[in-house]
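Peer 1: Next comes target.pdb, PDB, N, CA and C atoms and all ligand atoms:
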ATOM      1  N   MET E 560      52.571  78.378  58.177
ATOM      2  CA  MET E 560      53.503  79.404  58.653
ATOM      3  C   MET E 560      54.884  79.167  58.065
ATOM      4  N   LYS E 561      55.478  80.203  57.517
ATOM      5  CA  LYS E 561      56.822  80.062  56.980
ATOM      6  C   LYS E 561      57.831  80.018  58.122
ATOM      7  N   VAL E 562      58.691  79.026  58.146
ATOM      8  CA  VAL E 562      59.650  78.901  59.236
ATOM      9  C   VAL E 562      61.062  79.271  58.808
ATOM     10  N   VAL E 563      61.294  79.351  57.506
ATOM     11  CA  VAL E 563      62.589  79.787  56.993
ATOM     12  C   VAL E 563      62.298  80.925  56.033
ATOM     13  N   LYS E 564      62.813  82.100  56.354
ATOM     14  CA  LYS E 564      62.462  83.259  55.543
ATOM     15  C   LYS E 564      63.726  84.006  55.117
ATOM     16  N   VAL E 565      63.801  84.328  53.841
ATOM     17  CA  VAL E 565      64.960  85.033  53.299
ATOM     18  C   VAL E 565      64.658  86.530  53.228
ATOM     19  N   ASP E 566      65.602  87.319  53.706
ATOM     20  CA  ASP E 566      65.492  88.772  53.570
ATOM     21  C   ASP E 566      66.068  89.136  52.201
ATOM     22  N   ASN E 567      65.194  89.388  51.240
ATOM     23  CA  ASN E 567      65.636  89.635  49.869
ATOM     24  C   ASN E 567      66.493  90.895  49.731
ATOM     25  N   GLU E 568      66.377  91.797  50.668
ATOM     26  CA  GLU E 568      67.176  93.029  50.573
ATOM     27  C   GLU E 568      68.648  92.765  50.841
ATOM     28  N   LYS E 569      68.925  91.710  51.599
ATOM     29  CA  LYS E 569      70.326  91.397  51.923
ATOM     30  C   LYS E 569      70.863  90.240  51.094
ATOM     31  N   CYS E 570      69.990  89.442  50.538
ATOM     32  CA  CYS E 570      70.391  88.245  49.790
ATOM     33  C   CYS E 570      71.174  88.620  48.534
ATOM     34  N   ILE E 571      72.285  87.895  48.308
ATOM     35  CA  ILE E 571      73.117  88.160  47.118
ATOM     36  C   ILE E 571      72.952  87.054  46.066
ATOM     37  N   LYS E 572      71.946  86.209  46.259
ATOM     38  CA  LYS E 572      71.616  85.147  45.296
ATOM     39  C   LYS E 572      72.785  84.190  45.043
ATOM     40  N   CYS E 573      73.529  83.887  46.094
ATOM     41  CA  CYS E 573      74.673  82.976  45.926
ATOM     42  C   CYS E 573      74.224  81.522  45.836
ATOM     43  N   MET E 574      73.025  81.246  46.313
ATOM     44  CA  MET E 574      72.403  79.907  46.267
ATOM     45  C   MET E 574      73.072  78.867  47.170
ATOM     46  N   LYS E 575      73.855  79.328  48.134
ATOM     47  CA  LYS E 575      74.458  78.364  49.060
ATOM     48  C   LYS E 575      73.402  77.675  49.905
ATOM     49  N   CYS E 576      72.352  78.404  50.247
ATOM     50  CA  CYS E 576      71.248  77.798  51.013
ATOM     51  C   CYS E 576      70.570  76.724  50.160
ATOM     52  N   TYR E 577      70.247  77.076  48.974
ATOM     53  CA  TYR E 577      69.566  76.174  48.039
ATOM     54  C   TYR E 577      70.421  74.931  47.768
ATOM     55  N   ASP E 578      71.702  75.149  47.508
ATOM     56  CA  ASP E 578      72.585  74.031  47.168
ATOM     57  C   ASP E 578      72.829  73.093  48.335
ATOM     58  N   ASN E 579      72.767  73.603  49.552
ATOM     59  CA  ASN E 579      73.109  72.779  50.706
ATOM     60  C   ASN E 579      71.917  72.206  51.454
ATOM     61  N   CYS E 580      70.722  72.557  51.092
ATOM     62  CA  CYS E 580      69.553  72.031  51.799
ATOM     63  C   CYS E 580      69.441  70.521  51.550
ATOM     64  N   PRO E 581      69.529  69.711  52.594
ATOM     65  CA  PRO E 581      69.499  68.257  52.404
ATOM     66  C   PRO E 581      68.142  67.728  51.964
ATOM     67  N   GLU E 582      67.111  68.529  52.140
ATOM     68  CA  GLU E 582      65.765  68.059  51.797
ATOM     69  C   GLU E 582      65.255  68.614  50.466
ATOM     70  N   ASP E 583      66.024  69.494  49.854
ATOM     71  CA  ASP E 583      65.587  70.115  48.597
ATOM     72  C   ASP E 583      64.210  70.764  48.724
ATOM     73  N   VAL E 584      64.014  71.476  49.806
ATOM     74  CA  VAL E 584      62.709  72.116  50.014
ATOM     75  C   VAL E 584      62.711  73.595  49.653
ATOM     76  N   LEU E 585      63.866  74.096  49.241
ATOM     77  CA  LEU E 585      63.940  75.485  48.801
ATOM     78  C   LEU E 585      63.749  75.539  47.289
ATOM     79  N   ALA E 586      63.188  76.636  46.829
ATOM     80  CA  ALA E 586      63.034  76.865  45.397
ATOM     81  C   ALA E 586      63.429  78.316  45.141
ATOM     82  N   VAL E 587      63.473  78.691  43.874
ATOM     83  CA  VAL E 587      63.876  80.049  43.507
ATOM     84  C   VAL E 587      62.680  80.747  42.864
ATOM     85  N   ASN E 588      62.392  81.949  43.322
ATOM     86  CA  ASN E 588      61.231  82.662  42.768
ATOM     87  C   ASN E 588      61.588  83.374  41.456
ATOM     88  N   GLU E 589      60.626  84.052  40.872
ATOM     89  CA  GLU E 589      60.821  84.693  39.562
ATOM     90  C   GLU E 589      61.933  85.740  39.596
ATOM     91  N   GLU E 590      62.160  86.297  40.776
ATOM     92  CA  GLU E 590      63.190  87.331  40.890
ATOM     93  C   GLU E 590      64.570  86.760  41.197
ATOM     94  N   GLY E 591      64.636  85.441  41.331
ATOM     95  CA  GLY E 591      65.931  84.811  41.576
ATOM     96  C   GLY E 591      66.286  84.639  43.035
ATOM     97  N   TYR E 592      65.308  84.880  43.923
ATOM     98  CA  TYR E 592      65.581  84.713  45.348
ATOM     99  C   TYR E 592      65.074  83.356  45.829
ATOM    100  N   PRO E 593      65.831  82.720  46.711
ATOM    101  CA  PRO E 593      65.360  81.442  47.245
ATOM    102  C   PRO E 593      64.234  81.646  48.263
ATOM    103  N   TYR E 594      63.366  80.668  48.363
ATOM    104  CA  TYR E 594      62.306  80.708  49.370
ATOM    105  C   TYR E 594      61.936  79.281  49.738
ATOM    106  N   LEU E 595      61.320  79.147  50.883
ATOM    107  CA  LEU E 595      60.909  77.823  51.344
ATOM    108  C   LEU E 595      59.622  77.416  50.628
ATOM    109  N   LYS E 596      59.742  76.466  49.735
ATOM    110  CA  LYS E 596      58.588  76.062  48.941
ATOM    111  C   LYS E 596      57.773  74.966  49.637
ATOM    112  N   TYR E 597      58.464  74.010  50.210
ATOM    113  CA  TYR E 597      57.768  72.867  50.820
ATOM    114  C   TYR E 597      57.891  72.959  52.340
ATOM    115  N   GLU E 598      57.033  73.786  52.917
ATOM    116  CA  GLU E 598      57.140  74.080  54.350
ATOM    117  C   GLU E 598      57.075  72.831  55.213
ATOM    118  N   GLY E 599      56.168  71.934  54.862
ATOM    119  CA  GLY E 599      55.959  70.754  55.697
ATOM    120  C   GLY E 599      57.125  69.787  55.701
ATOM    121  N   GLU E 600      58.016  69.916  54.737
ATOM    122  CA  GLU E 600      59.123  68.963  54.652
ATOM    123  C   GLU E 600      60.436  69.502  55.189
ATOM    124  N   CYS E 601      60.464  70.775  55.540
ATOM    125  CA  CYS E 601      61.661  71.351  56.164
ATOM    126  C   CYS E 601      61.719  70.864  57.604
ATOM    127  N   TRP E 602      62.886  70.336  58.013
ATOM    128  CA  TRP E 602      62.985  69.831  59.390
ATOM    129  C   TRP E 602      63.898  70.699  60.251
ATOM    130  N   PHE E 603      64.060  71.968  59.860
ATOM    131  CA  PHE E 603      64.719  72.973  60.709
ATOM    132  C   PHE E 603      66.154  72.599  61.089
ATOM    133  N   CYS E 604      66.863  71.987  60.161
ATOM    134  CA  CYS E 604      68.244  71.586  60.465
ATOM    135  C   CYS E 604      69.161  72.800  60.583
ATOM    136  N   GLY E 605      68.792  73.897  59.934
ATOM    137  CA  GLY E 605      69.599  75.106  60.029
ATOM    138  C   GLY E 605      70.779  75.159  59.064
ATOM    139  N   ILE E 606      70.900  74.174  58.190
ATOM    140  CA  ILE E 606      72.032  74.148  57.266
ATOM    141  C   ILE E 606      71.974  75.336  56.302
ATOM    142  N   CYS E 607      70.794  75.696  55.853
ATOM    143  CA  CYS E 607      70.668  76.877  54.987
ATOM    144  C   CYS E 607      71.159  78.110  55.739
ATOM    145  N   TRP E 608      70.728  78.240  56.952
ATOM    146  CA  TRP E 608      71.091  79.383  57.794
ATOM    147  C   TRP E 608      72.608  79.432  58.009
ATOM    148  N   MET E 609      73.194  78.279  58.304
ATOM    149  CA  MET E 609      74.639  78.223  58.567
ATOM    150  C   MET E 609      75.466  78.549  57.329
ATOM    151  N   ASN E 610      74.952  78.224  56.164
ATOM    152  CA  ASN E 610      75.705  78.434  54.929
ATOM    153  C   ASN E 610      75.503  79.803  54.305
ATOM    154  N   CYS E 611      74.609  80.587  54.851
ATOM    155  CA  CYS E 611      74.330  81.887  54.249
ATOM    156  C   CYS E 611      75.415  82.904  54.635
ATOM    157  N   PRO E 612      76.172  83.408  53.663
ATOM    158  CA  PRO E 612      77.258  84.344  53.973
ATOM    159  C   PRO E 612      76.750  85.709  54.420
ATOM    160  N   LYS E 613      75.502  86.006  54.129
ATOM    161  CA  LYS E 613      74.947  87.315  54.478
ATOM    162  C   LYS E 613      74.084  87.274  55.735
ATOM    163  N   ARG E 614      73.943  86.090  56.309
ATOM    164  CA  ARG E 614      73.099  85.938  57.506
ATOM    165  C   ARG E 614      71.714  86.567  57.282
ATOM    166  N   CYS E 615      71.158  86.299  56.136
ATOM    167  CA  CYS E 615      69.862  86.926  55.825
ATOM    168  C   CYS E 615      68.725  85.909  55.815
ATOM    169  N   ILE E 616      68.954  84.757  56.447
ATOM    170  CA  ILE E 616      67.871  83.786  56.586
ATOM    171  C   ILE E 616      67.392  83.815  58.032
ATOM    172  N   GLU E 617      66.109  84.026  58.179
ATOM    173  CA  GLU E 617      65.514  84.028  59.511
ATOM    174  C   GLU E 617      64.825  82.685  59.719
ATOM    175  N   MET E 618      65.074  82.080  60.855
ATOM    176  CA  MET E 618      64.429  80.796  61.156
ATOM    177  C   MET E 618      63.531  80.939  62.365
ATOM    178  N   LYS E 619      62.328  80.413  62.236
ATOM    179  CA  LYS E 619      61.389  80.431  63.368
ATOM    180  C   LYS E 619      60.797  79.046  63.506
ATOM    181  N   LEU E 620      60.845  78.507  64.699
ATOM    182  CA  LEU E 620      60.218  77.203  64.910
ATOM    183  C   LEU E 620      58.711  77.368  64.987
ATOM    184  N   PRO E 621      57.973  76.465  64.371
ATOM    185  CA  PRO E 621      56.520  76.550  64.497
ATOM    186  C   PRO E 621      56.092  76.277  65.936
ATOM    187  N   ALA E 622      54.978  76.840  66.322
ATOM    188  CA  ALA E 622      54.502  76.738  67.708
ATOM    189  C   ALA E 622      54.382  75.293  68.151
ATOM    190  N   SER E 623      54.093  74.399  67.225
ATOM    191  CA  SER E 623      53.875  73.004  67.601
ATOM    192  C   SER E 623      55.148  72.339  68.129
ATOM    193  N   LEU E 624      56.297  72.931  67.885
ATOM    194  CA  LEU E 624      57.554  72.331  68.351
ATOM    195  C   LEU E 624      58.026  72.880  69.684
ATOM    196  N   TRP E 625      57.374  73.899  70.176
ATOM    197  CA  TRP E 625      57.807  74.451  71.455
ATOM    198  C   TRP E 625      57.423  73.533  72.584
TER
HETATM  199  S1  LIG E 701      66.325  74.310  57.670
HETATM  200 FE1  LIG E 701      67.294  72.546  56.639
HETATM  201  S2  LIG E 701      65.630  71.474  55.624
HETATM  202 FE2  LIG E 701      64.862  73.517  56.124
HETATM  203  S3  LIG E 701      65.261  74.773  54.300
HETATM  204 FE3  LIG E 701      67.024  75.011  55.662
HETATM  205  S4  LIG E 701      68.523  73.481  55.004
HETATM  206 FE4  LIG E 701      66.517  72.921  54.142
HETATM  207  S1  LIG E 702      72.752  81.663  51.146
HETATM  208 FE1  LIG E 702      71.902  83.633  51.840
HETATM  209  S2  LIG E 702      72.700  85.144  50.401
HETATM  210 FE2  LIG E 702      72.967  83.141  49.471
HETATM  211  S3  LIG E 702      71.115  82.845  48.222
HETATM  212 FE3  LIG E 702      70.717  81.920  50.234
HETATM  213  S4  LIG E 702      69.701  83.537  51.419
HETATM  214 FE4  LIG E 702      70.697  84.508  49.672
END
Let me see whether you can do it: turn the structure in this file into structure tokens.
Ligand code: SF4
Ligand code: SF4
Peer 2:
Amino acid sequence: MKVVKVDNEKCIKCMKCYDNCPEDVLAVNEEGYPYLKYEGECWFCGICWMNCPKRCIEMKLPASLW
């Protein structure tokens, strides 16, 4: 399950999420949009979300953490 999802319609490709992710788990797709590549290694710190100027990153905790 993807827990960090970018809304490509709002994303301006500034790469602040990518640059600030402490785990380097984001990658860039062929269209230049960031996406969560290594789902199992993201620890939901929210730094990508906090750094996004467009607020276009959606975060969902996996059911196992509830
Ligand atoms: S929540 Fe944290 S670890 Fe996961 S992609 Fe965002 S910045 Fe990286
Ligand atoms: S910080 Fe937000 S606007 Fe910038 S590349 Fe990431 S998702 Fe897109």
Peer 1: When the cut-off is 8 Å and you count all atoms listed in the file, which residues lie near ligand LIG 702 (chain E), shown as number ranges by chain?
Peer 2: E: 564-567, 569-578, 591-594, 607-617
Peer 1: Expand the PyMOL selection byres (((not hetatm)) within 7 of (chain E and resi 701)) into the explicit residue set it covers here, and present it as a CSV table (one decimal) with N, CA and C atoms, in the coordinates of the input.
Peer 2:
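For reference, selection-v5.csv as written:
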chain,number,residue,atom,x,y,z
E,563,VAL,N,61.3,79.4,57.5
E,563,VAL,CA,62.6,79.8,57.0
E,563,VAL,C,62.3,80.9,56.0
E,576,CYS,N,72.4,78.4,50.2
E,576,CYS,CA,71.2,77.8,51.0
E,576,CYS,C,70.6,76.7,50.2
E,579,ASN,N,72.8,73.6,49.6
E,579,ASN,CA,73.1,72.8,50.7
E,579,ASN,C,71.9,72.2,51.5
E,580,CYS,N,70.7,72.6,51.1
E,580,CYS,CA,69.6,72.0,51.8
E,580,CYS,C,69.4,70.5,51.6
E,581,PRO,N,69.5,69.7,52.6
E,581,PRO,CA,69.5,68.3,52.4
E,581,PRO,C,68.1,67.7,52.0
E,582,GLU,N,67.1,68.5,52.1
E,582,GLU,CA,65.8,68.1,51.8
E,582,GLU,C,65.3,68.6,50.5
E,583,ASP,N,66.0,69.5,49.9
E,583,ASP,CA,65.6,70.1,48.6
E,583,ASP,C,64.2,70.8,48.7
E,584,VAL,N,64.0,71.5,49.8
E,584,VAL,CA,62.7,72.1,50.0
E,584,VAL,C,62.7,73.6,49.7
E,585,LEU,N,63.9,74.1,49.2
E,585,LEU,CA,63.9,75.5,48.8
E,585,LEU,C,63.7,75.5,47.3
E,595,LEU,N,61.3,79.1,50.9
E,595,LEU,CA,60.9,77.8,51.3
E,595,LEU,C,59.6,77.4,50.6
E,600,GLU,N,58.0,69.9,54.7
E,600,GLU,CA,59.1,69.0,54.7
E,600,GLU,C,60.4,69.5,55.2
E,601,CYS,N,60.5,70.8,55.5
E,601,CYS,CA,61.7,71.4,56.2
E,601,CYS,C,61.7,70.9,57.6
E,602,TRP,N,62.9,70.3,58.0
E,602,TRP,CA,63.0,69.8,59.4
E,602,TRP,C,63.9,70.7,60.3
E,603,PHE,N,64.1,72.0,59.9
E,603,PHE,CA,64.7,73.0,60.7
E,603,PHE,C,66.2,72.6,61.1
E,604,CYS,N,66.9,72.0,60.2
E,604,CYS,CA,68.2,71.6,60.5
E,604,CYS,C,69.2,72.8,60.6
E,605,GLY,N,68.8,73.9,59.9
E,605,GLY,CA,69.6,75.1,60.0
E,605,GLY,C,70.8,75.2,59.1
E,606,ILE,N,70.9,74.2,58.2
E,606,ILE,CA,72.0,74.1,57.3
E,606,ILE,C,72.0,75.3,56.3
E,607,CYS,N,70.8,75.7,55.9
E,607,CYS,CA,70.7,76.9,55.0
E,607,CYS,C,71.2,78.1,55.7
E,608,TRP,N,70.7,78.2,57.0
E,608,TRP,CA,71.1,79.4,57.8
E,608,TRP,C,72.6,79.4,58.0
Peer 1: Just how far from CA of Val562 in chain E is atom N of Glu589 in chain E, in Å to one decimal?
Peer 2: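 Those two atoms sit 19.1 Å apart.
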Peer 1: Edge lengths and centre in Å to one decimal, as JSON, is what I'm after for the box along x, y and z that holds all listed atoms of range 607-618 of chain E once 6 Å is added on each side.
Peer 2:
{"center_x": 70.4, "center_y": 81.5, "center_z": 58.0, "size_x": 25.7, "size_y": 23.6, "size_z": 20.7}
Peer 1: Between atom N of Gly599 in chain E and atom N of Glu568 in chain E, what is the distance, to one decimal in Å?
Peer 2: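 Between atom N of Gly599 in chain E and atom N of Glu568 in chain E the gap is 22.7 Å.
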Peer 1: Mind pulling up the distance from CA of Glu590 in chain E to CA of Met618 in chain E?
Peer 2: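 A separation of 21.3 Å between them.
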Peer 1: Taking the DSSP assignment computed from this structure's backbone, write out as a list in words all residues of chain E that belong to helix (DSSP H, G or I).
Peer 2: Lys575, Cys576, Tyr577, Asp578, Asn579, Glu598, Gly599, Glu600, Ile606, Cys607, Trp608, Met609, Asn610, Ala622, Ser623 and Leu624 of chain E
Peer 1: Print the selection's residues with N, CA and C atoms to a file, as a PDB file, in the frame of the given file.
Peer 2:
ATOM      1  N   LYS E 575      73.855  79.328  48.134  1.00  0.00           N
ATOM      2  CA  LYS E 575      74.458  78.364  49.060  1.00  0.00           C
ATOM      3  C   LYS E 575      73.402  77.675  49.905  1.00  0.00           C
ATOM      4  N   CYS E 576      72.352  78.404  50.247  1.00  0.00           N
ATOM      5  CA  CYS E 576      71.248  77.798  51.013  1.00  0.00           C
ATOM      6  C   CYS E 576      70.570  76.724  50.160  1.00  0.00           C
ATOM      7  N   TYR E 577      70.247  77.076  48.974  1.00  0.00           N
ATOM      8  CA  TYR E 577      69.566  76.174  48.039  1.00  0.00           C
ATOM      9  C   TYR E 577      70.421  74.931  47.768  1.00  0.00           C
ATOM     10  N   ASP E 578      71.702  75.149  47.508  1.00  0.00           N
ATOM     11  CA  ASP E 578      72.585  74.031  47.168  1.00  0.00           C
ATOM     12  C   ASP E 578      72.829  73.093  48.335  1.00  0.00           C
ATOM     13  N   ASN E 579      72.767  73.603  49.552  1.00  0.00           N
ATOM     14  CA  ASN E 579      73.109  72.779  50.706  1.00  0.00           C
ATOM     15  C   ASN E 579      71.917  72.206  51.454  1.00  0.00           C
ATOM     16  N   GLU E 598      57.033  73.786  52.917  1.00  0.00           N
ATOM     17  CA  GLU E 598      57.140  74.080  54.350  1.00  0.00           C
ATOM     18  C   GLU E 598      57.075  72.831  55.213  1.00  0.00           C
ATOM     19  N   GLY E 599      56.168  71.934  54.862  1.00  0.00           N
ATOM     20  CA  GLY E 599      55.959  70.754  55.697  1.00  0.00           C
ATOM     21  C   GLY E 599      57.125  69.787  55.701  1.00  0.00           C
ATOM     22  N   GLU E 600      58.016  69.916  54.737  1.00  0.00           N
ATOM     23  CA  GLU E 600      59.123  68.963  54.652  1.00  0.00           C
ATOM     24  C   GLU E 600      60.436  69.502  55.189  1.00  0.00           C
ATOM     25  N   ILE E 606      70.900  74.174  58.190  1.00  0.00           N
ATOM     26  CA  ILE E 606      72.032  74.148  57.266  1.00  0.00           C
ATOM     27  C   ILE E 606      71.974  75.336  56.302  1.00  0.00           C
ATOM     28  N   CYS E 607      70.794  75.696  55.853  1.00  0.00           N
ATOM     29  CA  CYS E 607      70.668  76.877  54.987  1.00  0.00           C
ATOM     30  C   CYS E 607      71.159  78.110  55.739  1.00  0.00           C
ATOM     31  N   TRP E 608      70.728  78.240  56.952  1.00  0.00           N
ATOM     32  CA  TRP E 608      71.091  79.383  57.794  1.00  0.00           C
ATOM     33  C   TRP E 608      72.608  79.432  58.009  1.00  0.00           C
ATOM     34  N   MET E 609      73.194  78.279  58.304  1.00  0.00           N
ATOM     35  CA  MET E 609      74.639  78.223  58.567  1.00  0.00           C
ATOM     36  C   MET E 609      75.466  78.549  57.329  1.00  0.00           C
ATOM     37  N   ASN E 610      74.952  78.224  56.164  1.00  0.00           N
ATOM     38  CA  ASN E 610      75.705  78.434  54.929  1.00  0.00           C
ATOM     39  C   ASN E 610      75.503  79.803  54.305  1.00  0.00           C
ATOM     40  N   ALA E 622      54.978  76.840  66.322  1.00  0.00           N
ATOM     41  CA  ALA E 622      54.502  76.738  67.708  1.00  0.00           C
ATOM     42  C   ALA E 622      54.382  75.293  68.151  1.00  0.00           C
ATOM     43  N   SER E 623      54.093  74.399  67.225  1.00  0.00           N
ATOM     44  CA  SER E 623      53.875  73.004  67.601  1.00  0.00           C
ATOM     45  C   SER E 623      55.148  72.339  68.129  1.00  0.00           C
ATOM     46  N   LEU E 624      56.297  72.931  67.885  1.00  0.00           N
ATOM     47  CA  LEU E 624      57.554  72.331  68.351  1.00  0.00           C
ATOM     48  C   LEU E 624      58.026  72.880  69.684  1.00  0.00           C
TER      49      LEU E 624
END
Peer 1: Residues of chain E in strand (DSSP E) according to DSSP, as a VMD selection string?
Peer 2: chain E and resid 563 to 565 585 to 587 593 to 595 616 to 618
